[in-house]
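Dropping data.pdb in here (PDB, C-alpha atoms, pLDDT in the B column):
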ATOM      1  CA  MET A  18      18.905  73.103  53.015  1.00 47.00           C
ATOM      2  CA  LYS A  19      18.978  70.808  49.967  1.00 46.00           C
ATOM      3  CA  LYS A  20      16.448  68.549  51.651  1.00 50.00           C
ATOM      4  CA  LEU A  21      14.146  71.492  52.243  1.00 46.00           C
ATOM      5  CA  LEU A  22      14.423  72.494  48.586  1.00 47.00           C
ATOM      6  CA  LEU A  23      13.594  68.944  47.476  1.00 45.00           C
ATOM      7  CA  LEU A  24      10.490  68.765  49.657  1.00 47.00           C
ATOM      8  CA  PRO A  25       8.182  70.903  47.456  1.00 46.00           C
ATOM      9  CA  PHE A  26       9.325  68.935  44.399  1.00 41.00           C
ATOM     10  CA  LEU A  27       8.548  65.593  46.048  1.00 43.00           C
ATOM     11  CA  LEU A  28       5.160  66.839  47.208  1.00 43.00           C
ATOM     12  CA  CYS A  29       4.321  67.911  43.649  1.00 42.00           C
ATOM     13  CA  CYS A  30       5.335  64.490  42.326  1.00 43.00           C
ATOM     14  CA  LEU A  31       3.195  62.717  44.910  1.00 43.00           C
ATOM     15  CA  LEU A  32       0.237  64.955  44.133  1.00 41.00           C
ATOM     16  CA  ALA A  33       0.572  64.304  40.397  1.00 40.00           C
ATOM     17  CA  PHE A  34       0.828  60.576  41.030  1.00 43.00           C
ATOM     18  CA  ALA A  35      -2.240  60.625  43.274  1.00 42.00           C
ATOM     19  CA  GLN A  36      -4.236  62.517  40.676  1.00 40.00           C
ATOM     20  CA  GLN A  37      -3.180  60.039  38.008  1.00 45.00           C
ATOM     21  CA  GLU A  38      -4.211  57.132  40.192  1.00 49.00           C
ATOM     22  CA  THR A  39      -7.622  58.573  41.031  1.00 48.00           C
ATOM     23  CA  SER A  40      -8.479  60.019  37.612  1.00 57.00           C
ATOM     24  CA  PRO A  41     -11.155  57.957  35.833  1.00 69.00           C
ATOM     25  CA  VAL A  42      -9.912  55.690  33.043  1.00 80.00           C
ATOM     26  CA  LYS A  43     -11.953  55.554  29.868  1.00 86.00           C
ATOM     27  CA  LYS A  44     -13.193  52.018  29.250  1.00 96.00           C
ATOM     28  CA  LEU A  45     -13.057  50.965  25.616  1.00 98.00           C
ATOM     29  CA  ASN A  46     -14.763  48.194  23.663  1.00 98.00           C
ATOM     30  CA  VAL A  47     -12.474  46.810  20.957  1.00 98.00           C
ATOM     31  CA  ALA A  48     -14.351  44.859  18.277  1.00 98.00           C
ATOM     32  CA  LEU A  49     -12.463  42.733  15.749  1.00 98.00           C
ATOM     33  CA  TYR A  50     -14.336  41.741  12.595  1.00 98.00           C
ATOM     34  CA  ILE A  51     -13.863  38.120  11.500  1.00 98.00           C
ATOM     35  CA  TYR A  52     -15.107  36.540   8.285  1.00 98.00           C
ATOM     36  CA  PRO A  53     -14.333  33.449   6.156  1.00 97.00           C
ATOM     37  CA  GLY A  54     -10.766  33.816   4.872  1.00 98.00           C
ATOM     38  CA  VAL A  55      -9.635  36.461   7.371  1.00 98.00           C
ATOM     39  CA  GLY A  56      -5.852  36.750   7.620  1.00 97.00           C
ATOM     40  CA  LEU A  57      -4.656  35.234  10.882  1.00 96.00           C
ATOM     41  CA  GLY A  58      -1.689  37.586  11.274  1.00 96.00           C
ATOM     42  CA  ASP A  59      -3.833  40.616  10.494  1.00 98.00           C
ATOM     43  CA  LEU A  60      -6.267  39.533  13.201  1.00 98.00           C
ATOM     44  CA  ASN A  61      -4.022  38.098  15.903  1.00 97.00           C
ATOM     45  CA  GLY A  62      -1.483  40.928  16.020  1.00 97.00           C
ATOM     46  CA  PRO A  63      -3.908  43.674  17.125  1.00 98.00           C
ATOM     47  CA  ALA A  64      -5.976  41.200  19.164  1.00 98.00           C
ATOM     48  CA  ASP A  65      -2.970  40.131  21.238  1.00 98.00           C
ATOM     49  CA  VAL A  66      -1.862  43.734  21.800  1.00 98.00           C
ATOM     50  CA  PHE A  67      -5.290  44.829  23.055  1.00 98.00           C
ATOM     51  CA  LEU A  68      -5.774  41.712  25.190  1.00 98.00           C
ATOM     52  CA  LYS A  69      -2.420  42.176  26.914  1.00 98.00           C
ATOM     53  CA  ALA A  70      -3.189  45.873  27.353  1.00 98.00           C
ATOM     54  CA  ALA A  71      -6.442  44.865  29.047  1.00 98.00           C
ATOM     55  CA  GLY A  72      -4.399  42.915  31.595  1.00 96.00           C
ATOM     56  CA  LEU A  73      -1.894  45.708  32.187  1.00 96.00           C
ATOM     57  CA  THR A  74      -4.625  48.308  32.649  1.00 96.00           C
ATOM     58  CA  LYS A  75      -6.866  46.078  34.795  1.00 95.00           C
ATOM     59  CA  GLY A  76      -9.651  45.957  32.251  1.00 96.00           C
ATOM     60  CA  GLN A  77      -9.545  49.240  30.375  1.00 98.00           C
ATOM     61  CA  TYR A  78     -10.137  47.295  27.154  1.00 98.00           C
ATOM     62  CA  LYS A  79     -12.905  44.789  26.490  1.00 98.00           C
ATOM     63  CA  VAL A  80     -11.816  42.815  23.430  1.00 98.00           C
ATOM     64  CA  TYR A  81     -14.161  40.650  21.363  1.00 98.00           C
ATOM     65  CA  THR A  82     -14.747  39.314  17.857  1.00 98.00           C
ATOM     66  CA  PHE A  83     -17.881  39.703  15.793  1.00 98.00           C
ATOM     67  CA  ALA A  84     -19.168  38.346  12.506  1.00 98.00           C
ATOM     68  CA  LEU A  85     -22.078  38.828  10.135  1.00 98.00           C
ATOM     69  CA  GLN A  86     -23.027  35.143  10.280  1.00 93.00           C
ATOM     70  CA  ARG A  87     -23.320  32.537  13.024  1.00 91.00           C
ATOM     71  CA  GLU A  88     -21.423  29.644  11.410  1.00 92.00           C
ATOM     72  CA  GLN A  89     -17.863  28.669  12.239  1.00 95.00           C
ATOM     73  CA  ILE A  90     -15.244  30.638  10.310  1.00 96.00           C
ATOM     74  CA  SER A  91     -12.076  29.323   8.663  1.00 97.00           C
ATOM     75  CA  THR A  92      -9.121  31.678   8.496  1.00 97.00           C
ATOM     76  CA  GLN A  93      -7.144  32.344   5.309  1.00 95.00           C
ATOM     77  CA  GLY A  94      -5.927  29.198   3.565  1.00 93.00           C
ATOM     78  CA  ASN A  95      -8.608  27.127   5.307  1.00 90.00           C
ATOM     79  CA  GLY A  96      -6.468  27.349   8.453  1.00 87.00           C
ATOM     80  CA  LEU A  97      -7.801  27.681  11.988  1.00 94.00           C
ATOM     81  CA  LYS A  98     -11.489  27.489  12.837  1.00 96.00           C
ATOM     82  CA  LEU A  99     -12.956  30.465  14.701  1.00 97.00           C
ATOM     83  CA  THR A 100     -16.304  31.232  16.273  1.00 97.00           C
ATOM     84  CA  ALA A 101     -17.213  34.883  16.787  1.00 98.00           C
ATOM     85  CA  ASP A 102     -18.074  36.123  20.265  1.00 98.00           C
ATOM     86  CA  TYR A 103     -21.036  38.055  18.877  1.00 98.00           C
ATOM     87  CA  LEU A 104     -23.141  38.577  15.826  1.00 98.00           C
ATOM     88  CA  GLU A 105     -22.723  42.155  14.620  1.00 98.00           C
ATOM     89  CA  SER A 106     -26.352  42.913  15.466  1.00 95.00           C
ATOM     90  CA  GLU A 107     -25.897  41.722  19.077  1.00 97.00           C
ATOM     91  CA  MET A 108     -22.422  42.951  20.045  1.00 98.00           C
ATOM     92  CA  PRO A 109     -21.721  45.674  22.623  1.00 98.00           C
ATOM     93  CA  LYS A 110     -21.292  49.117  21.108  1.00 98.00           C
ATOM     94  CA  PRO A 111     -17.663  49.297  19.899  1.00 98.00           C
ATOM     95  CA  ASP A 112     -15.333  52.212  20.505  1.00 98.00           C
ATOM     96  CA  ILE A 113     -12.508  50.813  18.383  1.00 98.00           C
ATOM     97  CA  LEU A 114     -13.352  48.739  15.306  1.00 98.00           C
ATOM     98  CA  VAL A 115     -10.551  46.634  13.797  1.00 98.00           C
ATOM     99  CA  ILE A 116     -10.915  45.298  10.245  1.00 98.00           C
ATOM    100  CA  PRO A 117      -8.238  42.683   9.411  1.00 98.00           C
ATOM    101  CA  GLY A 118      -7.384  41.936   5.791  1.00 98.00           C
ATOM    102  CA  GLY A 119      -7.378  38.768   3.719  1.00 97.00           C
ATOM    103  CA  SER A 120      -6.356  37.746   0.225  1.00 95.00           C
ATOM    104  CA  PHE A 121      -6.619  40.362  -2.493  1.00 92.00           C
ATOM    105  CA  GLY A 122      -9.238  38.346  -4.396  1.00 93.00           C
ATOM    106  CA  LEU A 123     -11.367  38.031  -1.283  1.00 96.00           C
ATOM    107  CA  MET A 124     -11.214  41.793  -0.706  1.00 97.00           C
ATOM    108  CA  ASP A 125     -12.440  42.354  -4.268  1.00 95.00           C
ATOM    109  CA  THR A 126     -15.385  40.046  -3.552  1.00 97.00           C
ATOM    110  CA  MET A 127     -16.172  41.614  -0.191  1.00 98.00           C
ATOM    111  CA  CYS A 128     -16.115  45.087  -1.743  1.00 98.00           C
ATOM    112  CA  LEU A 129     -19.174  43.970  -3.732  1.00 98.00           C
ATOM    113  CA  ASP A 130     -21.005  42.677  -0.651  1.00 98.00           C
ATOM    114  CA  PRO A 131     -23.562  45.295   0.474  1.00 98.00           C
ATOM    115  CA  LYS A 132     -23.743  43.756   3.967  1.00 98.00           C
ATOM    116  CA  VAL A 133     -20.016  44.261   4.572  1.00 98.00           C
ATOM    117  CA  ILE A 134     -19.837  47.754   3.095  1.00 98.00           C
ATOM    118  CA  GLY A 135     -23.106  48.742   4.773  1.00 98.00           C
ATOM    119  CA  MET A 136     -21.763  47.591   8.147  1.00 98.00           C
ATOM    120  CA  LEU A 137     -18.655  49.740   7.760  1.00 98.00           C
ATOM    121  CA  LYS A 138     -20.665  52.782   6.736  1.00 98.00           C
ATOM    122  CA  LYS A 139     -22.948  52.299   9.727  1.00 98.00           C
ATOM    123  CA  TYR A 140     -20.099  52.299  12.234  1.00 98.00           C
ATOM    124  CA  GLN A 141     -18.125  55.103  10.589  1.00 97.00           C
ATOM    125  CA  SER A 142     -19.841  57.705  12.755  1.00 95.00           C
ATOM    126  CA  ARG A 143     -20.475  55.436  15.755  1.00 97.00           C
ATOM    127  CA  VAL A 144     -16.929  54.491  16.740  1.00 98.00           C
ATOM    128  CA  GLU A 145     -14.038  56.566  18.003  1.00 98.00           C
ATOM    129  CA  VAL A 146     -11.564  54.831  15.707  1.00 98.00           C
ATOM    130  CA  MET A 147     -11.854  52.435  12.775  1.00 98.00           C
ATOM    131  CA  MET A 148      -8.593  50.638  11.942  1.00 98.00           C
ATOM    132  CA  SER A 149      -7.890  48.537   8.870  1.00 98.00           C
ATOM    133  CA  VAL A 150      -4.983  46.116   8.595  1.00 98.00           C
ATOM    134  CA  CYS A 151      -3.287  45.288   5.295  1.00 98.00           C
ATOM    135  CA  THR A 152      -5.700  44.699   2.369  1.00 97.00           C
ATOM    136  CA  ALA A 153      -8.754  45.628   4.474  1.00 98.00           C
ATOM    137  CA  SER A 154      -8.019  49.211   3.443  1.00 98.00           C
ATOM    138  CA  TYR A 155      -9.853  48.339   0.203  1.00 98.00           C
ATOM    139  CA  LEU A 156     -13.052  47.810   2.201  1.00 98.00           C
ATOM    140  CA  LEU A 157     -12.729  51.213   3.854  1.00 98.00           C
ATOM    141  CA  GLY A 158     -11.967  52.739   0.465  1.00 98.00           C
ATOM    142  CA  LYS A 159     -15.048  51.153  -1.073  1.00 98.00           C
ATOM    143  CA  ALA A 160     -17.202  52.429   1.790  1.00 98.00           C
ATOM    144  CA  GLY A 161     -15.966  55.984   1.141  1.00 98.00           C
ATOM    145  CA  ILE A 162     -14.431  56.184   4.614  1.00 98.00           C
ATOM    146  CA  LEU A 163     -11.014  57.115   3.213  1.00 98.00           C
ATOM    147  CA  ASP A 164     -12.215  59.854   0.866  1.00 98.00           C
ATOM    148  CA  ASN A 165     -10.119  63.011   1.337  1.00 98.00           C
ATOM    149  CA  HIS A 166      -7.863  61.196   3.814  1.00 98.00           C
ATOM    150  CA  LYS A 167      -4.302  59.950   3.767  1.00 98.00           C
ATOM    151  CA  ALA A 168      -4.091  56.159   3.855  1.00 98.00           C
ATOM    152  CA  THR A 169      -1.790  53.206   3.368  1.00 98.00           C
ATOM    153  CA  THR A 170      -2.013  49.478   2.630  1.00 98.00           C
ATOM    154  CA  HIS A 171       0.213  46.486   1.827  1.00 96.00           C
ATOM    155  CA  TYR A 172       3.173  47.696  -0.233  1.00 95.00           C
ATOM    156  CA  PHE A 173       2.645  45.197  -3.073  1.00 94.00           C
ATOM    157  CA  ILE A 174      -0.837  46.465  -3.976  1.00 95.00           C
ATOM    158  CA  ALA A 175      -0.389  50.101  -2.967  1.00 96.00           C
ATOM    159  CA  ASP A 176      -0.362  51.567  -6.488  1.00 95.00           C
ATOM    160  CA  ASP A 177      -3.512  49.656  -7.412  1.00 95.00           C
ATOM    161  CA  PHE A 178      -5.135  50.868  -4.188  1.00 97.00           C
ATOM    162  CA  GLN A 179      -4.488  54.485  -5.158  1.00 97.00           C
ATOM    163  CA  THR A 180      -5.837  53.846  -8.676  1.00 96.00           C
ATOM    164  CA  GLN A 181      -9.009  52.245  -7.375  1.00 97.00           C
ATOM    165  CA  TYR A 182      -9.665  55.029  -4.856  1.00 98.00           C
ATOM    166  CA  PRO A 183      -8.370  58.310  -6.290  1.00 98.00           C
ATOM    167  CA  ALA A 184     -10.186  60.361  -3.612  1.00 98.00           C
ATOM    168  CA  LEU A 185      -7.602  59.277  -1.015  1.00 98.00           C
ATOM    169  CA  THR A 186      -3.910  60.158  -0.779  1.00 98.00           C
ATOM    170  CA  LEU A 187      -1.619  57.123  -0.620  1.00 98.00           C
ATOM    171  CA  VAL A 188       1.263  57.262   1.856  1.00 98.00           C
ATOM    172  CA  LYS A 189       4.197  54.925   1.229  1.00 97.00           C
ATOM    173  CA  ASP A 190       7.086  53.764   3.436  1.00 97.00           C
ATOM    174  CA  VAL A 191       5.009  53.781   6.632  1.00 98.00           C
ATOM    175  CA  ARG A 192       3.628  51.154   9.009  1.00 98.00           C
ATOM    176  CA  TYR A 193       0.396  53.045   9.626  1.00 98.00           C
ATOM    177  CA  VAL A 194      -1.366  56.334   8.953  1.00 98.00           C
ATOM    178  CA  ASP A 195      -3.420  58.006  11.693  1.00 98.00           C
ATOM    179  CA  GLU A 196      -6.138  60.329  10.410  1.00 98.00           C
ATOM    180  CA  GLY A 197      -7.952  60.687  13.722  1.00 96.00           C
ATOM    181  CA  LYS A 198     -11.101  58.599  13.388  1.00 97.00           C
ATOM    182  CA  VAL A 199      -9.532  56.232  10.877  1.00 98.00           C
ATOM    183  CA  ILE A 200      -6.198  54.409  10.942  1.00 98.00           C
ATOM    184  CA  THR A 201      -4.874  52.340   8.043  1.00 98.00           C
ATOM    185  CA  CYS A 202      -2.007  49.902   8.561  1.00 98.00           C
ATOM    186  CA  SER A 203       0.243  48.506   5.856  1.00 97.00           C
ATOM    187  CA  GLY A 204       1.181  44.822   5.764  1.00 93.00           C
ATOM    188  CA  VAL A 205       0.178  42.160   8.311  1.00 92.00           C
ATOM    189  CA  THR A 206       2.401  42.829  11.372  1.00 96.00           C
ATOM    190  CA  SER A 207       1.850  46.576  11.014  1.00 98.00           C
ATOM    191  CA  GLY A 208      -1.479  45.973  12.744  1.00 98.00           C
ATOM    192  CA  MET A 209       0.574  45.650  15.937  1.00 98.00           C
ATOM    193  CA  ASP A 210       2.059  49.087  15.329  1.00 98.00           C
ATOM    194  CA  GLY A 211      -1.394  50.574  14.862  1.00 98.00           C
ATOM    195  CA  ALA A 212      -2.689  48.858  18.000  1.00 98.00           C
ATOM    196  CA  LEU A 213       0.282  49.979  20.128  1.00 98.00           C
ATOM    197  CA  HIS A 214      -0.209  53.494  18.788  1.00 98.00           C
ATOM    198  CA  LEU A 215      -3.784  53.392  20.128  1.00 98.00           C
ATOM    199  CA  ILE A 216      -2.636  51.980  23.468  1.00 98.00           C
ATOM    200  CA  LYS A 217      -0.259  54.921  23.773  1.00 97.00           C
ATOM    201  CA  LYS A 218      -3.104  57.306  22.937  1.00 97.00           C
ATOM    202  CA  TYR A 219      -5.620  55.894  25.419  1.00 97.00           C
ATOM    203  CA  SER A 220      -3.403  54.434  28.164  1.00 97.00           C
ATOM    204  CA  GLY A 221      -0.279  56.565  28.020  1.00 97.00           C
ATOM    205  CA  ASP A 222       3.383  56.200  27.143  1.00 97.00           C
ATOM    206  CA  SER A 223       4.341  54.051  30.130  1.00 97.00           C
ATOM    207  CA  ILE A 224       1.722  51.355  29.460  1.00 97.00           C
ATOM    208  CA  ALA A 225       2.568  51.290  25.746  1.00 97.00           C
ATOM    209  CA  ALA A 226       6.287  51.009  26.521  1.00 97.00           C
ATOM    210  CA  MET A 227       5.698  48.282  29.110  1.00 97.00           C
ATOM    211  CA  LEU A 228       3.570  46.325  26.632  1.00 97.00           C
ATOM    212  CA  SER A 229       6.131  46.736  23.877  1.00 97.00           C
ATOM    213  CA  ARG A 230       8.819  45.275  26.127  1.00 97.00           C
ATOM    214  CA  ALA A 231       6.549  42.443  27.238  1.00 95.00           C
ATOM    215  CA  ILE A 232       5.887  41.250  23.687  1.00 96.00           C
ATOM    216  CA  GLN A 233       9.468  42.057  22.544  1.00 97.00           C
ATOM    217  CA  TYR A 234       8.227  44.207  19.679  1.00 96.00           C
ATOM    218  CA  THR A 235       9.508  47.674  18.861  1.00 95.00           C
ATOM    219  CA  PRO A 236       6.745  49.725  17.225  1.00 94.00           C
ATOM    220  CA  HIS A 237       7.536  52.300  14.605  1.00 92.00           C
ATOM    221  CA  GLU A 238       5.631  54.476  12.190  1.00 96.00           C
ATOM    222  CA  GLN A 239       8.147  55.041   9.390  1.00 94.00           C
ATOM    223  CA  GLU A 240       9.671  52.132   7.472  1.00 93.00           C
ATOM    224  CA  LYS A 241      11.182  51.875   4.018  1.00 93.00           C
ATOM    225  CA  TRP A 242       8.998  49.406   2.165  1.00 94.00           C
ATOM    226  CA  PRO A 243      10.625  46.280   0.757  1.00 89.00           C
ATOM    227  CA  VAL A 244      11.228  45.873  -2.946  1.00 87.00           C
ATOM    228  CA  ALA A 245       9.131  43.208  -4.646  1.00 81.00           C
ATOM    229  CA  PRO A 246      11.253  40.189  -5.602  1.00 80.00           C
ATOM    230  CA  TYR A 247      12.548  40.024  -9.181  1.00 71.00           C
ATOM    231  CA  GLY A 248      11.043  43.416  -9.941  1.00 73.00           C
ATOM    232  CA  MET A 249       7.508  41.982  -9.832  1.00 83.00           C
ATOM    233  CA  LYS A 250       4.591  44.398 -10.000  1.00 81.00           C
ATOM    234  CA  PHE A 251       1.031  43.769  -8.960  1.00 84.00           C
ATOM    235  CA  ASP A 252      -1.366  43.314 -11.869  1.00 80.00           C
ATOM    236  CA  ARG A 253      -5.032  42.840 -11.013  1.00 79.00           C
ATOM    237  CA  ASN A 254      -5.678  41.540 -14.559  1.00 76.00           C
ATOM    238  CA  TRP A 255      -3.132  38.731 -14.204  1.00 62.00           C
ATOM    239  CA  LYS A 256      -5.738  35.970 -13.884  1.00 49.00           C
ATOM    240  CA  LYS A 257      -7.646  37.275 -16.885  1.00 46.00           C
ATOM    241  CA  LYS A 258      -4.444  37.292 -18.944  1.00 46.00           C
ATOM    242  CA  GLN A 259      -3.629  33.738 -17.809  1.00 40.00           C
ATOM    243  CA  GLY A 260      -7.091  32.635 -18.900  1.00 40.00           C
ATOM    244  CA  SER A 261      -6.704  34.173 -22.347  1.00 36.00           C
ATOM    245  CA  VAL A 262      -3.360  32.389 -22.823  1.00 32.00           C
ATOM    246  CA  LYS A 263      -4.921  29.033 -21.963  1.00 31.00           C
ATOM    247  CA  GLN A 264      -7.648  29.580 -24.513  1.00 28.00           C
TER     248      GLN A 264
END
Please express the file's structure as structure tokens.
Amino acid sequence: MKKLLLLPFLLCCLLAFAQQETSPVKKLNVALYIYPGVGLGDLNGPADVFLKAAGLTKGQYKVYTFALQREQISTQGNGLKLTADYLESEMPKPDILVIPGGSFGLMDTMCLDPKVIGMLKKYQSRVEVMMSVCTASYLLGKAGILDNHKATTHYFIADDFQTQYPALTLVKDVRYVDEGKVITCSGVTSGMDGALHLIKKYSGDSIAAMLSRAIQYTPHEQEKWPVAPYGMKFDRNWKKKQGSVKQ
């Protein structure tokens, strides 16, 4: 009798499994922006997550880098040398656009570059998700992409970020903020949290959990931010003040 009662349940499970197996999987192009001085951790964390997810899902994700110039690129601190897979004008249409951060000074400079800000504005309505990592949130803020949205960034510059872009609402003590078409991640390794969050969204809980175990990384959204050492506070005018002292 028990076996007969279990039969309909097993049939339902098999049917659900068969439907899952035969249902079409949405293929996604994941484009990672690289530029001179790009932070290696900001870039490699999400890149590795999406590349491993591509293997687990048998090619659901096509992952590639792009740049605005053809020359070889040095990562932050004149570290590794990179060559982009595509020029921005030639790359496949992205579904997910990842913008890694770099040094704070570099972000200030890039915020004044019309090519960079123009590129972000162009893709704002063309991609499913745009995700910034660490200081790259400044670029999205400058492009107006974060206006009237909640957002986060590296904890050390968070207050300055809110001051510079008062049209957004800063969220503290988080690893990432998901506002639908735009995701902002806090410091460096939080890009992995944002990427795993997207894997869960597009590939399901089981793939995301399997990937998390494979890379031995436990993703989380909430996290109490660290306290700056010795009570330090970020001051964007520090270099100017140093210069005036020397004079």
Practice problem: Please measure the separation of CA of Val115 (chain A) and CA of Thr82 (chain A), giving the value in Å to one decimal. | Solution: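 Going from CA of Val115 (chain A) over to CA of Thr82 (chain A), I get 9.4 Å.
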Exercise. Using all atoms listed in the file, find the one residue out of A:Leu163, A:Ala225, A:Val194, A:Ile116 that sits nearest to Glu240 (chain A).
Key: A:Val194
Residues near Ala245 (chain A), cut-off 12 Å, all atoms listed in the file, skip fewer than 2 positions along chain, as a PDB file with C-alpha atoms, in the frame of the given file:
ATOM      1  CA  HIS A 171       0.213  46.486   1.827  1.00 96.00           C
ATOM      2  CA  TYR A 172       3.173  47.696  -0.233  1.00 95.00           C
ATOM      3  CA  PHE A 173       2.645  45.197  -3.073  1.00 94.00           C
ATOM      4  CA  ILE A 174      -0.837  46.465  -3.976  1.00 95.00           C
ATOM      5  CA  ALA A 175      -0.389  50.101  -2.967  1.00 96.00           C
ATOM      6  CA  TRP A 242       8.998  49.406   2.165  1.00 94.00           C
ATOM      7  CA  PRO A 243      10.625  46.280   0.757  1.00 89.00           C
ATOM      8  CA  TYR A 247      12.548  40.024  -9.181  1.00 71.00           C
ATOM      9  CA  GLY A 248      11.043  43.416  -9.941  1.00 73.00           C
ATOM     10  CA  MET A 249       7.508  41.982  -9.832  1.00 83.00           C
ATOM     11  CA  LYS A 250       4.591  44.398 -10.000  1.00 81.00           C
ATOM     12  CA  PHE A 251       1.031  43.769  -8.960  1.00 84.00           C
TER      13      PHE A 251
END
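Between CA of Val146 (chain A) and CA of Ala231 (chain A) lies a distance of 24.8 Å.
Distances to Thr152 (chain A) were evaluated for A:Ile134, A:Ala70, A:Met124, A:Leu57 using only C-alpha atoms, and the minimum falls at A:Met124.
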Practice problem: Could you expand the PyMOL selection byres ((chain A and resi 140) around 12) into the explicit residues it covers here, written as a ChimeraX atom specification? | Solution: /A:48,105-106,110-116,133-139,141-148,157,160,162,198-199
Write the residues you've just listed into a file as a PDB file, in the coordinates of the input, and include C-alpha atoms for each of them.
ATOM      1  CA  ALA A  48     -14.351  44.859  18.277  1.00 98.00           C
ATOM      2  CA  GLU A 105     -22.723  42.155  14.620  1.00 98.00           C
ATOM      3  CA  SER A 106     -26.352  42.913  15.466  1.00 95.00           C
ATOM      4  CA  LYS A 110     -21.292  49.117  21.108  1.00 98.00           C
ATOM      5  CA  PRO A 111     -17.663  49.297  19.899  1.00 98.00           C
ATOM      6  CA  ASP A 112     -15.333  52.212  20.505  1.00 98.00           C
ATOM      7  CA  ILE A 113     -12.508  50.813  18.383  1.00 98.00           C
ATOM      8  CA  LEU A 114     -13.352  48.739  15.306  1.00 98.00           C
ATOM      9  CA  VAL A 115     -10.551  46.634  13.797  1.00 98.00           C
ATOM     10  CA  ILE A 116     -10.915  45.298  10.245  1.00 98.00           C
ATOM     11  CA  VAL A 133     -20.016  44.261   4.572  1.00 98.00           C
ATOM     12  CA  ILE A 134     -19.837  47.754   3.095  1.00 98.00           C
ATOM     13  CA  GLY A 135     -23.106  48.742   4.773  1.00 98.00           C
ATOM     14  CA  MET A 136     -21.763  47.591   8.147  1.00 98.00           C
ATOM     15  CA  LEU A 137     -18.655  49.740   7.760  1.00 98.00           C
ATOM     16  CA  LYS A 138     -20.665  52.782   6.736  1.00 98.00           C
ATOM     17  CA  LYS A 139     -22.948  52.299   9.727  1.00 98.00           C
ATOM     18  CA  GLN A 141     -18.125  55.103  10.589  1.00 97.00           C
ATOM     19  CA  SER A 142     -19.841  57.705  12.755  1.00 95.00           C
ATOM     20  CA  ARG A 143     -20.475  55.436  15.755  1.00 97.00           C
ATOM     21  CA  VAL A 144     -16.929  54.491  16.740  1.00 98.00           C
ATOM     22  CA  GLU A 145     -14.038  56.566  18.003  1.00 98.00           C
ATOM     23  CA  VAL A 146     -11.564  54.831  15.707  1.00 98.00           C
ATOM     24  CA  MET A 147     -11.854  52.435  12.775  1.00 98.00           C
ATOM     25  CA  MET A 148      -8.593  50.638  11.942  1.00 98.00           C
ATOM     26  CA  LEU A 157     -12.729  51.213   3.854  1.00 98.00           C
ATOM     27  CA  ALA A 160     -17.202  52.429   1.790  1.00 98.00           C
ATOM     28  CA  ILE A 162     -14.431  56.184   4.614  1.00 98.00           C
ATOM     29  CA  LYS A 198     -11.101  58.599  13.388  1.00 97.00           C
ATOM     30  CA  VAL A 199      -9.532  56.232  10.877  1.00 98.00           C
TER      31      VAL A 199
END
Quiz item: What residues come out when you apply the PyMOL selection byres ((chain A and resi 195) around 10) to this file, written as an MDAnalysis selection string?
Solution: chainID A and resid 146 148 166:169 193:194 196:202 211 214:215 238
Self-check item: One-decimal distance in Å that lies between CA of Pro117 (chain A) and CA of Leu60 (chain A)
Solution: 5.3 Å
